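Enquirer: Contents of model_21.cif (mmCIF, C-alpha atoms) are given next:
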```cif
data_query
#
loop_
_atom_site.label_atom_id
_atom_site.label_comp_id
_atom_site.auth_asym_id
_atom_site.auth_seq_id
_atom_site.Cartn_x
_atom_site.Cartn_y
_atom_site.Cartn_z
CA MET Q 1 57.64 10.99 -143.13
CA ASN Q 2 54.93 8.67 -141.94
CA CYS Q 3 54.83 4.89 -142.14
CA ASP Q 4 52.80 4.75 -145.33
CA GLU Q 5 55.18 7.07 -147.13
CA ALA Q 6 58.19 5.14 -145.87
CA GLU Q 7 56.65 1.82 -146.81
CA ALA Q 8 56.32 2.96 -150.41
CA LEU Q 9 59.97 3.99 -150.58
CA LEU Q 10 61.66 1.04 -148.91
CA GLY Q 11 62.36 -0.75 -152.19
CA ALA Q 12 63.94 2.30 -153.76
CA TYR Q 13 65.84 2.98 -150.55
CA ALA Q 14 67.26 -0.54 -150.44
CA LEU Q 15 68.45 -0.12 -154.02
CA ASP Q 16 69.94 3.31 -153.31
CA ALA Q 17 67.58 4.76 -155.88
CA LEU Q 18 66.54 7.78 -153.86
CA PRO Q 19 67.87 11.32 -154.10
CA PRO Q 20 69.83 12.32 -150.98
CA ALA Q 21 67.09 14.39 -149.36
CA GLU Q 22 64.49 11.67 -149.72
CA ALA Q 23 66.95 9.03 -148.52
CA ASP Q 24 67.61 11.15 -145.42
CA GLU Q 25 63.89 11.25 -144.68
CA VAL Q 26 63.62 7.49 -144.96
CA ARG Q 27 66.70 7.06 -142.79
CA ALA Q 28 65.20 9.30 -140.13
CA HIS Q 29 62.00 7.29 -140.21
CA LEU Q 30 63.89 4.02 -139.83
CA ARG Q 31 65.58 5.31 -136.70
CA ALA Q 32 62.16 5.76 -135.13
CA CYS Q 33 60.30 2.80 -136.60
CA ALA Q 34 61.57 -0.63 -135.67
CA PRO Q 35 59.30 -2.65 -138.01
CA HIS Q 36 60.39 -0.63 -141.00
CA ALA Q 37 64.01 -0.74 -139.88
CA THR Q 38 63.78 -4.52 -139.89
CA ALA Q 39 62.03 -4.59 -143.25
CA SER Q 40 64.62 -2.24 -144.69
CA ALA Q 41 67.49 -4.38 -143.42
CA GLU Q 42 65.92 -7.44 -145.02
CA LEU Q 43 65.55 -5.70 -148.35
CA ARG Q 44 69.10 -4.38 -148.12
CA ALA Q 45 70.35 -7.90 -147.44
CA LEU Q 46 68.44 -9.02 -150.50
CA THR Q 47 70.08 -6.41 -152.71
CA GLU Q 48 73.44 -7.74 -151.58
CA GLN Q 49 72.63 -10.83 -153.61
CA LEU Q 50 72.33 -8.87 -156.83
CA PRO Q 51 76.07 -8.83 -157.67
CA ALA Q 52 75.62 -12.52 -158.42
CA LEU Q 53 73.75 -11.46 -161.54
CA ALA Q 54 76.83 -9.69 -162.85
CA GLY Q 55 78.92 -12.83 -162.82
CA VAL Q 56 82.64 -13.15 -162.30
CA SER Q 57 85.18 -11.63 -164.66
CA ALA Q 58 88.89 -12.16 -164.38
CA ALA Q 59 90.44 -8.84 -163.45
CA PRO Q 60 93.05 -7.62 -165.93
CA ALA Q 61 96.65 -8.54 -165.34
CA GLY Q 62 98.41 -5.75 -163.55
CA LEU Q 63 95.44 -4.59 -161.53
CA ARG Q 64 96.54 -6.59 -158.52
CA ALA Q 65 99.90 -4.83 -158.48
CA ARG Q 66 98.18 -1.45 -158.92
CA VAL Q 67 95.86 -2.15 -156.01
CA LEU Q 68 98.66 -3.23 -153.72
CA ASP Q 69 100.77 -0.27 -154.77
CA ALA Q 70 97.89 2.11 -154.06
CA VAL Q 71 97.30 0.49 -150.68
CA ALA Q 72 100.96 0.84 -149.80
CA ARG Q 73 100.71 4.59 -150.43
CA GLU Q 74 97.50 5.11 -148.46
CA PRO Q 75 97.42 5.64 -144.71
CA GLN Q 76 94.75 3.84 -142.81
CA ALA Q 77 91.99 5.44 -140.75
CA GLY Q 78 90.42 4.04 -137.63
CA ALA Q 79 91.58 1.44 -135.23
CA PRO Q 80 90.72 -2.22 -135.25
CA ALA Q 81 91.12 -3.77 -138.61
CA PHE Q 82 91.61 -6.98 -140.41
CA ARG Q 83 93.77 -8.22 -137.62
CA SER Q 84 90.70 -8.33 -135.45
CA ILE Q 85 88.66 -9.82 -138.26
CA GLU Q 86 91.30 -12.44 -138.75
CA ARG Q 87 91.38 -13.18 -135.06
CA LYS Q 88 87.62 -13.53 -134.96
CA GLN Q 89 87.69 -15.82 -137.94
CA ALA Q 90 90.51 -17.80 -136.42
CA ALA Q 91 88.59 -18.05 -133.16
CA ARG Q 92 85.49 -19.18 -135.01
CA THR Q 93 87.33 -21.91 -136.81
CA GLY Q 94 89.31 -22.92 -133.77
CA ALA Q 95 92.58 -22.04 -135.41
CA GLY Q 96 95.42 -20.43 -133.53
CA ASP Q 97 96.66 -16.90 -133.78
CA SER Q 98 98.82 -17.83 -136.68
CA ALA Q 99 95.73 -18.43 -138.77
CA SER Q 100 94.69 -15.50 -140.83
CA ILE Q 101 92.93 -14.68 -144.01
CA ARG Q 102 96.13 -15.22 -145.91
CA PRO Q 103 96.30 -19.00 -146.12
CA ARG Q 104 92.79 -19.08 -147.52
CA ALA Q 105 93.85 -17.00 -150.48
CA ARG Q 106 95.87 -19.85 -151.87
CA PHE Q 107 92.62 -21.48 -152.77
CA ALA Q 108 90.96 -18.31 -154.04
CA SER Q 109 87.21 -18.83 -153.81
CA TYR Q 110 87.65 -22.54 -153.42
CA GLY Q 111 89.36 -22.44 -150.06
CA TRP Q 112 86.90 -24.82 -148.49
CA ALA Q 113 87.02 -27.13 -151.48
CA ALA Q 114 90.67 -27.82 -150.98
CA ALA Q 115 89.92 -28.55 -147.36
CA ALA Q 116 87.21 -30.88 -148.53
CA ALA Q 117 89.73 -32.66 -150.72
CA VAL Q 118 91.77 -33.44 -147.64
CA PHE Q 119 88.72 -35.06 -146.16
CA VAL Q 120 88.18 -36.88 -149.40
CA LEU Q 121 91.48 -38.60 -148.89
CA ALA Q 122 90.66 -39.55 -145.37
CA ALA Q 123 87.02 -40.26 -145.58
CA GLY Q 124 86.35 -42.07 -148.80
CA LEU Q 125 82.63 -42.35 -149.27
CA LEU Q 126 81.60 -40.92 -145.94
CA VAL Q 127 79.28 -37.97 -145.98
CA TRP Q 128 80.57 -35.30 -143.72
CA ASN Q 129 78.66 -32.73 -141.91
CA LEU Q 130 80.45 -29.41 -141.89
CA VAL Q 131 79.38 -28.69 -138.38
CA LEU Q 132 81.52 -31.57 -137.29
CA LEU Q 133 84.36 -30.44 -139.48
CA THR Q 134 84.41 -26.95 -138.13
CA GLY Q 135 83.70 -27.72 -134.54
CA GLY Q 136 80.37 -25.99 -134.78
CA GLY Q 137 81.80 -22.58 -134.05
CA ASN Q 138 81.45 -20.96 -137.43
CA ASP Q 139 78.06 -19.44 -138.12
CA ASP Q 140 78.53 -19.60 -141.86
CA ALA Q 141 79.71 -23.16 -141.74
CA GLN Q 142 76.76 -24.09 -139.59
CA ARG Q 143 74.38 -22.50 -142.03
CA PHE Q 144 76.21 -24.15 -144.87
CA ALA Q 145 76.06 -27.48 -143.10
CA SER Q 146 72.33 -27.11 -142.64
CA ARG Q 147 71.99 -27.01 -146.39
CA ALA Q 148 74.82 -29.06 -147.74
CA SER Q 149 76.74 -32.24 -147.38
CA LEU Q 150 80.01 -33.25 -148.94
CA GLN Q 151 80.56 -36.61 -150.50
CA ALA Q 152 83.80 -37.84 -151.97
CA ILE Q 153 83.52 -39.66 -155.25
CA PRO Q 154 86.07 -42.44 -155.57
CA SER Q 155 88.00 -42.43 -158.80
CA THR Q 156 88.44 -45.43 -161.07
CA ALA Q 157 90.33 -43.57 -163.78
CA GLY Q 158 92.17 -40.29 -164.16
CA ALA Q 159 94.28 -38.32 -161.76
CA ALA Q 160 91.75 -35.76 -160.57
CA ALA Q 161 89.81 -35.92 -157.33
CA ALA Q 162 86.12 -35.14 -157.15
CA THR Q 163 83.80 -34.07 -154.40
CA VAL Q 164 80.07 -33.64 -154.78
CA VAL Q 165 78.31 -31.03 -152.70
CA ARG Q 166 74.64 -31.79 -152.26
CA PHE Q 167 72.23 -29.19 -151.03
CA ALA Q 168 69.10 -29.95 -149.07
CA ASN Q 169 65.93 -29.67 -151.11
CA GLU Q 170 67.85 -29.02 -154.31
CA ASP Q 171 67.73 -31.05 -157.46
CA LYS Q 172 71.16 -29.78 -158.37
CA ALA Q 173 74.55 -30.34 -156.89
CA VAL Q 174 78.02 -28.92 -157.29
CA VAL Q 175 80.85 -31.19 -158.30
CA LEU Q 176 84.37 -30.02 -157.63
CA PHE Q 177 87.42 -31.40 -159.32
CA ASP Q 178 90.94 -30.67 -158.26
CA ARG Q 179 94.25 -32.30 -157.42
CA PRO Q 180 96.43 -32.05 -159.29
CA PRO Q 181 95.75 -28.43 -160.24
CA LEU Q 182 93.69 -28.45 -163.41
CA ASP Q 183 94.48 -26.20 -166.33
CA PRO Q 184 92.25 -23.10 -166.09
CA SER Q 185 92.64 -22.41 -169.80
CA LYS Q 186 90.85 -25.63 -170.73
CA VAL Q 187 87.15 -26.40 -170.81
CA TYR Q 188 85.99 -29.43 -168.89
CA GLN Q 189 82.79 -31.33 -169.59
CA VAL Q 190 81.05 -33.45 -167.01
CA TRP Q 191 79.27 -36.62 -168.06
CA ARG Q 192 76.93 -39.16 -166.59
CA LEU Q 193 77.59 -42.59 -168.05
CA ASN Q 194 74.36 -44.39 -168.83
CA GLU Q 195 73.62 -48.10 -168.94
CA LYS Q 196 74.05 -48.24 -172.70
CA GLY Q 197 77.63 -47.15 -172.50
CA ARG Q 198 76.83 -43.68 -173.76
CA ALA Q 199 77.63 -40.46 -171.98
CA ASP Q 200 74.99 -37.88 -171.16
CA SER Q 201 76.44 -34.40 -170.80
CA LEU Q 202 75.84 -32.78 -167.43
CA GLY Q 203 77.35 -29.50 -168.51
CA LEU Q 204 80.57 -27.63 -168.90
CA ALA Q 205 82.82 -26.95 -165.96
CA HIS Q 206 84.79 -23.79 -165.50
CA GLY Q 207 88.02 -23.52 -163.66
CA ASP Q 208 89.87 -20.85 -161.81
CA ALA Q 209 93.45 -19.79 -161.67
CA SER Q 210 94.13 -21.96 -158.65
CA GLY Q 211 93.43 -25.14 -160.56
CA HIS Q 212 89.99 -25.98 -159.22
CA VAL Q 213 87.10 -26.78 -161.50
CA ALA Q 214 83.49 -26.72 -160.40
CA ALA Q 215 80.25 -27.54 -162.17
CA ILE Q 216 76.60 -27.44 -161.27
CA ILE Q 217 74.90 -30.65 -162.32
CA ALA Q 218 71.40 -32.02 -162.11
CA TYR Q 219 71.29 -34.33 -159.14
CA ASP Q 220 69.04 -37.32 -158.78
CA ALA Q 221 69.44 -39.11 -155.48
CA SER Q 222 67.73 -42.20 -156.87
CA ARG Q 223 70.41 -42.67 -159.52
CA SER Q 224 73.98 -43.56 -158.94
CA ALA Q 225 75.34 -43.69 -162.47
CA PRO Q 226 79.06 -43.08 -162.77
CA ILE Q 227 80.26 -39.67 -163.79
CA ALA Q 228 83.32 -38.62 -165.73
CA VAL Q 229 85.01 -35.41 -166.74
CA THR Q 230 86.98 -34.82 -169.92
CA VAL Q 231 88.70 -31.91 -171.63
CA GLU Q 232 86.55 -30.73 -174.53
CA PRO Q 233 86.27 -27.81 -176.96
CA ALA Q 234 84.82 -24.58 -175.59
CA SER Q 235 81.38 -25.35 -176.97
CA GLY Q 236 81.35 -28.85 -175.51
CA SER Q 237 80.95 -32.17 -177.30
CA ASP Q 238 78.14 -34.62 -177.89
CA GLN Q 239 80.30 -37.45 -176.58
CA PRO Q 240 83.67 -37.46 -174.83
CA THR Q 241 86.55 -36.91 -177.22
CA THR Q 242 89.42 -37.28 -174.79
CA GLU Q 243 90.40 -39.68 -172.04
CA PRO Q 244 88.71 -38.81 -168.77
CA ILE Q 245 90.75 -36.98 -166.19
CA PHE Q 246 88.27 -38.37 -163.70
CA ARG Q 247 85.84 -41.26 -163.76
CA SER Q 248 83.93 -42.57 -160.81
CA MET B 1 96.13 -5.00 -141.85
CA GLN B 2 96.17 -2.18 -139.34
CA SER B 3 99.73 -3.05 -138.49
CA GLY B 4 100.75 -2.79 -142.09
CA ASP B 5 99.71 -6.25 -143.15
CA GLN B 6 99.14 -5.55 -146.79
CA GLN B 7 99.17 -9.25 -147.46
CA ALA B 8 95.64 -9.28 -146.08
CA VAL B 9 94.63 -6.95 -148.92
CA ALA B 10 96.38 -9.24 -151.37
CA ALA B 11 94.44 -12.18 -149.98
CA LEU B 12 91.20 -10.27 -150.20
CA TYR B 13 92.01 -9.30 -153.76
CA ASP B 14 92.82 -12.85 -154.77
CA ARG B 15 89.58 -14.05 -153.30
CA TYR B 16 87.13 -11.43 -154.54
CA SER B 17 88.67 -9.48 -157.42
CA GLY B 18 86.77 -11.57 -159.98
CA VAL B 19 83.35 -10.87 -158.57
CA ALA B 20 84.27 -7.24 -157.82
CA TYR B 21 85.54 -6.64 -161.33
CA GLY B 22 82.55 -8.48 -162.81
CA LEU B 23 80.16 -6.21 -160.95
CA ALA B 24 82.04 -3.04 -161.86
CA LEU B 25 82.22 -4.08 -165.50
CA ARG B 26 78.51 -4.87 -165.62
CA ILE B 27 77.62 -1.43 -164.26
CA THR B 28 80.18 0.73 -166.02
CA SER B 29 80.47 -1.24 -169.29
CA ASP B 30 84.01 0.03 -169.51
CA GLY B 31 87.09 -1.96 -168.61
CA THR B 32 89.25 1.00 -167.67
CA THR B 33 86.57 2.52 -165.46
CA ALA B 34 85.90 -0.86 -163.89
CA GLU B 35 89.60 -1.23 -163.07
CA ASP B 36 89.64 2.20 -161.43
CA VAL B 37 86.52 1.34 -159.46
CA VAL B 38 87.95 -1.93 -158.20
CA GLN B 39 91.21 -0.26 -157.24
CA ASP B 40 89.38 2.52 -155.39
CA ALA B 41 87.16 -0.01 -153.64
CA PHE B 42 90.06 -2.04 -152.30
CA VAL B 43 91.80 1.13 -151.17
CA SER B 44 88.59 2.20 -149.41
CA VAL B 45 88.38 -1.12 -147.63
CA TRP B 46 92.01 -0.74 -146.61
CA LYS B 47 91.50 2.77 -145.33
CA GLN B 48 88.20 2.16 -143.58
CA CYS B 49 88.66 -1.34 -142.27
CA GLY B 50 88.91 0.01 -138.74
CA ARG B 51 85.27 0.98 -139.03
CA PHE B 52 84.16 -2.39 -140.26
CA ASP B 53 82.23 -4.50 -137.79
CA PRO B 54 82.64 -8.17 -138.69
CA GLY B 55 79.63 -8.95 -136.56
CA ARG B 56 77.36 -7.14 -139.00
CA GLY B 57 78.35 -8.82 -142.18
CA GLN B 58 81.15 -10.18 -144.24
CA VAL B 59 83.98 -8.34 -145.86
CA LYS B 60 82.83 -9.60 -149.23
CA SER B 61 79.43 -7.95 -148.93
CA TRP B 62 81.00 -4.74 -147.71
CA LEU B 63 83.51 -4.73 -150.55
CA LEU B 64 80.83 -5.36 -153.17
CA THR B 65 78.63 -2.66 -151.71
CA ILE B 66 81.51 -0.22 -152.14
CA VAL B 67 82.18 -1.48 -155.66
CA HIS B 68 78.53 -0.96 -156.50
CA HIS B 69 78.44 2.55 -155.13
CA LYS B 70 81.67 3.60 -156.82
CA SER B 71 80.52 2.10 -160.10
CA VAL B 72 77.27 4.02 -159.92
CA ASP B 73 79.19 7.16 -159.00
CA ALA B 74 81.42 6.68 -162.02
CA ILE B 75 78.63 6.30 -164.55
CA ARG B 76 76.69 9.17 -163.02
CA ARG B 77 79.73 11.42 -163.27
CA LYS B 78 80.19 10.43 -166.89
CA SER B 79 76.59 11.11 -167.76
CA GLY B 80 76.42 14.32 -165.75
CA ARG B 81 73.45 13.13 -163.78
CA ASN B 82 72.64 14.55 -160.41
CA GLU B 83 73.69 12.90 -157.22
CA ARG B 84 71.75 10.23 -155.53
CA ALA B 85 72.14 8.96 -152.01
CA LEU B 86 74.90 6.38 -151.75
CA PRO B 87 75.79 5.40 -148.22
CA GLU B 88 79.30 4.05 -148.27
CA GLY B 89 80.63 3.65 -144.76
CA PRO B 90 80.36 0.42 -142.87
CA GLU B 91 77.99 2.02 -140.41
CA GLU B 92 75.60 2.44 -143.31
CA PHE B 93 76.12 -1.08 -144.35
CA ILE B 94 73.35 -3.28 -143.05
CA ALA B 95 73.87 -6.97 -143.07
CA THR B 96 71.39 -9.07 -141.20
CA TYR B 97 72.38 -12.38 -142.63
CA GLY B 98 75.55 -14.37 -142.66
CA ARG B 99 77.21 -14.59 -146.03
CA PRO B 100 78.28 -17.75 -147.74
CA GLU B 101 81.99 -17.99 -148.30
CA GLU B 102 82.21 -21.32 -149.94
CA ALA B 103 82.58 -21.48 -153.66
CA ALA B 104 79.95 -24.14 -154.14
CA GLU B 105 77.42 -22.25 -152.14
CA MET B 106 78.28 -19.10 -154.07
CA MET B 107 77.59 -20.93 -157.30
CA MET B 108 74.29 -22.27 -156.07
CA ASP B 109 73.33 -18.91 -154.71
CA ALA B 110 74.16 -17.17 -157.96
CA GLU B 111 71.97 -19.59 -159.81
CA ALA B 112 69.23 -19.16 -157.23
CA VAL B 113 69.41 -15.38 -157.59
CA ARG B 114 69.19 -15.64 -161.36
CA ALA B 115 66.26 -18.01 -161.05
CA ALA B 116 64.53 -15.73 -158.56
CA VAL B 117 65.03 -12.69 -160.75
CA ASN B 118 63.63 -14.56 -163.72
CA LEU B 119 60.50 -15.29 -161.73
CA VAL B 120 59.88 -11.63 -161.12
CA PRO B 121 57.55 -10.11 -163.73
CA ASP B 122 59.44 -8.42 -166.51
CA ASP B 123 58.46 -4.85 -165.69
CA GLN B 124 59.47 -5.26 -162.05
CA ARG B 125 62.73 -6.99 -162.95
CA ARG B 126 63.67 -4.27 -165.44
CA THR B 127 62.90 -1.63 -162.85
CA ILE B 128 65.13 -3.30 -160.29
CA GLU B 129 67.94 -3.70 -162.80
CA MET B 130 67.68 -0.07 -163.86
CA ALA B 131 68.09 0.97 -160.26
CA TYR B 132 70.88 -1.42 -159.38
CA PHE B 133 72.91 -1.81 -162.54
CA MET B 134 72.24 1.54 -164.19
CA GLY B 135 72.31 3.57 -161.00
CA LEU B 136 69.10 5.45 -161.75
CA THR B 137 66.90 7.08 -159.16
CA HIS B 138 63.24 6.20 -159.02
CA VAL B 139 62.43 9.53 -160.67
CA GLU B 140 64.82 8.85 -163.53
CA ILE B 141 63.42 5.36 -163.97
CA ALA B 142 59.90 6.75 -164.14
CA GLU B 143 60.99 9.19 -166.84
CA ARG B 144 62.76 6.56 -168.89
CA MET B 145 59.95 4.03 -168.62
CA GLY B 146 57.26 6.62 -169.08
CA VAL B 147 55.30 5.51 -166.05
CA PRO B 148 54.17 7.34 -162.92
CA LEU B 149 56.61 7.58 -160.03
CA GLY B 150 54.24 5.60 -157.85
CA THR B 151 54.41 2.73 -160.32
CA VAL B 152 58.19 2.65 -160.06
CA LYS B 153 58.05 2.66 -156.27
CA SER B 154 55.59 -0.23 -156.33
CA ARG B 155 57.59 -2.21 -158.87
CA LEU B 156 60.78 -1.87 -156.84
CA ARG B 157 59.13 -2.87 -153.60
CA ILE B 158 56.95 -5.67 -154.96
CA GLY B 159 59.71 -6.99 -157.18
CA LEU B 160 62.14 -7.19 -154.27
CA ASP B 161 59.49 -8.83 -152.12
CA LYS B 162 58.96 -11.48 -154.77
CA MET B 163 62.67 -12.12 -155.03
CA ARG B 164 62.90 -12.42 -151.28
CA GLU B 165 60.00 -14.81 -151.14
CA TYR B 166 61.72 -17.10 -153.57
CA LEU B 167 65.24 -16.69 -152.22
CA ARG B 168 64.54 -16.86 -148.52
CA PRO B 169 64.67 -20.63 -148.13
CA LYS B 170 67.47 -21.02 -150.66
CA VAL B 171 69.91 -18.24 -149.98
CA LEU B 172 68.80 -15.95 -147.22
CA GLY B 173 67.82 -18.74 -144.86
CA SER B 174 64.43 -19.20 -143.31
CA GLU B 175 63.43 -16.94 -140.46
#
```
Represent the structure contained in this file as structure tokens.
Expert:
Amino acid sequence: MNCDEAEALLGAYALDALPPAEADEVRAHLRACAPHATASAELRALTEQLPALAGVSAAPAGLRARVLDAVAREPQAGAPAFRSIERKQAARTGAGDSASIRPRARFASYGWAAAAAVFVLAAGLLVWNLVLLTGGGNDDAQRFASRASLQAIPSTAGAAAATVVRFANEDKAVVLFDRPPLDPSKVYQVWRLNEKGRADSLGLAHGDASGHVAAIIAYDASRSAPIAVTVEPASGSDQPTTEPIFRS
Amino acid sequence: MQSGDQQAVAALYDRYSGVAYGLALRITSDGTTAEDVVQDAFVSVWKQCGRFDPGRGQVKSWLLTIVHHKSVDAIRRKSGRNERALPEGPEEFIATYGRPEEAAEMMMDAEAVRAAVNLVPDDQRRTIEMAYFMGLTHVEIAERMGVPLGTVKSRLRIGLDKMREYLRPKVLGSE
């Protein structure tokens, strides 16, 4: 397979849309052609973003037990394993050997958010750079820090805590609410309170089983109107219908 | 995990089962099959984790790659279609970029991916989705769309290039 033929197939190859024989030919070409190997790796990395389009669905109850039961019955192959991954992650974050992937699971996908909440308590309005928080040793955190900053939002009403995550060059931000654990079965609506005493909806917030609620909101750095979050019907409301669990 | 630490699997499940199940469900359109796929994927990760190189990518990406492949396998078996190449092992898994772990970044990235896909012309986007979510080969896509094979190849490549162009500064990071 020459470069022109490989070039035409790289998209299909990255999407695993080639029959085995043709995929083997591309693979052989990539071993001998560095530019196309690089291009292929970039396209493959891009396809790894596509699961985001599928969204998140709560796995059925009972599947967790089935998975763990199946794992318990299966012998492992190979040598180094998650222990080494855990050690590397612990080394990256500066944690000791006792650190592992396990403690992070308590926070499900919001592991860092809970950590942020700790900083919320300590830091008030300060904007924190994640590089400082992580000691600069975590590649992902460094990349994250290059894009994002955390800002605690002080509360004037309600029991929840809020943290806004602003991303460089984005007109949207993520607001996270937690503490105490919020009810994942409820729908939360985020509001910006305008000067006329009315509330403009910023969207519905969805929670997870660990009690964290996150919402993407439009972010305007030039405005500093207070925000609030209330429990609302699944379809949302025109105006808040319940007392805010958080108000800045 | 190698030393019998199944709690690591439990942690991985708690962290990524939602996105894994969501992907499997999207591809298979069947809850039972999606459950089987997710279970098989976690078992595969457990069995093969000794071959996983953390320096080449994150566990999440590896897991979702396996979920994708097993989902495609499942629907192809059901439909009786011929095999297509599905590299599964970690050595086949190419990850050149770090992966975001944080929930907020995941949310922003998901939205960025959706926005990027929406910017891709409809025929290219549909072609990409037929390959990724329906598990079709380029030949099968050409047959279903009634277009020449060369058109499908171009749509896949150009469509991905357009997505990359839009996503690079937002998700993939500038180079």
Enquirer: Between atom CA of B:Ala131 and atom CA of B:Lys78, what is the distance, to one decimal in Å?
Expert: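 According to the coordinates, atom CA of B:Ala131 and atom CA of B:Lys78 are separated by 16.7 Å.
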Enquirer: Please evaluate the PyMOL selection byres ((chain B and resi 30-33) around 12) against the displayed coordinates and give the resulting residues as a PDB file with C-alpha atoms, in the coordinates of the input.
Expert:
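Printed below is selection-v5.pdb as written:
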```pdb
ATOM      1  CA  SER Q  57      85.180 -11.630-164.660  1.00  0.00           C
ATOM      2  CA  ALA Q  58      88.890 -12.160-164.380  1.00  0.00           C
ATOM      3  CA  ALA Q  59      90.440  -8.840-163.450  1.00  0.00           C
ATOM      4  CA  PRO Q  60      93.050  -7.620-165.930  1.00  0.00           C
ATOM      5  CA  LEU Q  63      95.440  -4.590-161.530  1.00  0.00           C
TER       6      LEU Q  63
ATOM      7  CA  TYR B  21      85.540  -6.640-161.330  1.00  0.00           C
ATOM      8  CA  GLY B  22      82.550  -8.480-162.810  1.00  0.00           C
ATOM      9  CA  LEU B  23      80.160  -6.210-160.950  1.00  0.00           C
ATOM     10  CA  ALA B  24      82.040  -3.040-161.860  1.00  0.00           C
ATOM     11  CA  LEU B  25      82.220  -4.080-165.500  1.00  0.00           C
ATOM     12  CA  ARG B  26      78.510  -4.870-165.620  1.00  0.00           C
ATOM     13  CA  ILE B  27      77.620  -1.430-164.260  1.00  0.00           C
ATOM     14  CA  THR B  28      80.180   0.730-166.020  1.00  0.00           C
ATOM     15  CA  SER B  29      80.470  -1.240-169.290  1.00  0.00           C
ATOM     16  CA  ALA B  34      85.900  -0.860-163.890  1.00  0.00           C
ATOM     17  CA  GLU B  35      89.600  -1.230-163.070  1.00  0.00           C
ATOM     18  CA  ASP B  36      89.640   2.200-161.430  1.00  0.00           C
ATOM     19  CA  VAL B  37      86.520   1.340-159.460  1.00  0.00           C
ATOM     20  CA  VAL B  38      87.950  -1.930-158.200  1.00  0.00           C
ATOM     21  CA  GLN B  39      91.210  -0.260-157.240  1.00  0.00           C
ATOM     22  CA  ASP B  40      89.380   2.520-155.390  1.00  0.00           C
ATOM     23  CA  VAL B  67      82.180  -1.480-155.660  1.00  0.00           C
ATOM     24  CA  LYS B  70      81.670   3.600-156.820  1.00  0.00           C
ATOM     25  CA  SER B  71      80.520   2.100-160.100  1.00  0.00           C
ATOM     26  CA  VAL B  72      77.270   4.020-159.920  1.00  0.00           C
ATOM     27  CA  ASP B  73      79.190   7.160-159.000  1.00  0.00           C
ATOM     28  CA  ALA B  74      81.420   6.680-162.020  1.00  0.00           C
ATOM     29  CA  ILE B  75      78.630   6.300-164.550  1.00  0.00           C
ATOM     30  CA  ARG B  77      79.730  11.420-163.270  1.00  0.00           C
ATOM     31  CA  LYS B  78      80.190  10.430-166.890  1.00  0.00           C
TER      32      LYS B  78
END
```
Enquirer: What separation in Å, quoted to one decimal, exists between atom CA of Q:Val190 and atom CA of Q:Leu50?
Expert: 28.0 Å
Enquirer: Under the rule that only C-alpha atoms are counted, which of Q:Ser248, Q:Thr163, Q:Ser155, Q:Gln189 is the nearest residue to chain B?
Expert: Q:Thr163
Enquirer: Can you list, as a PyMOL selection string, the residues that the PyMOL selection byres ((chain B and resi 140) around 10) selects here?
Expert: (chain Q and resi 17-18) or (chain B and resi 81+130-131+135-139+141-146+149+152)
Enquirer: What separation in Å, quoted to one decimal, exists between atom CA of B:Glu165 and atom CA of Q:Leu43?
Expert: 11.0 Å
Enquirer: Using only C-alpha atoms, find the one residue out of B:Arg157, B:Arg126, B:Arg168, B:His68 that sits nearest to chain Q.
Expert: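 Answer, going by the shortest atom-to-atom distance: B:Arg157.
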Enquirer: Point out the residue among B:Ile128, B:Leu64, B:Leu167, B:Gln7 with the least atom-to-atom distance to B:Lys153, counting all atoms listed in the file.
Expert: B:Ile128
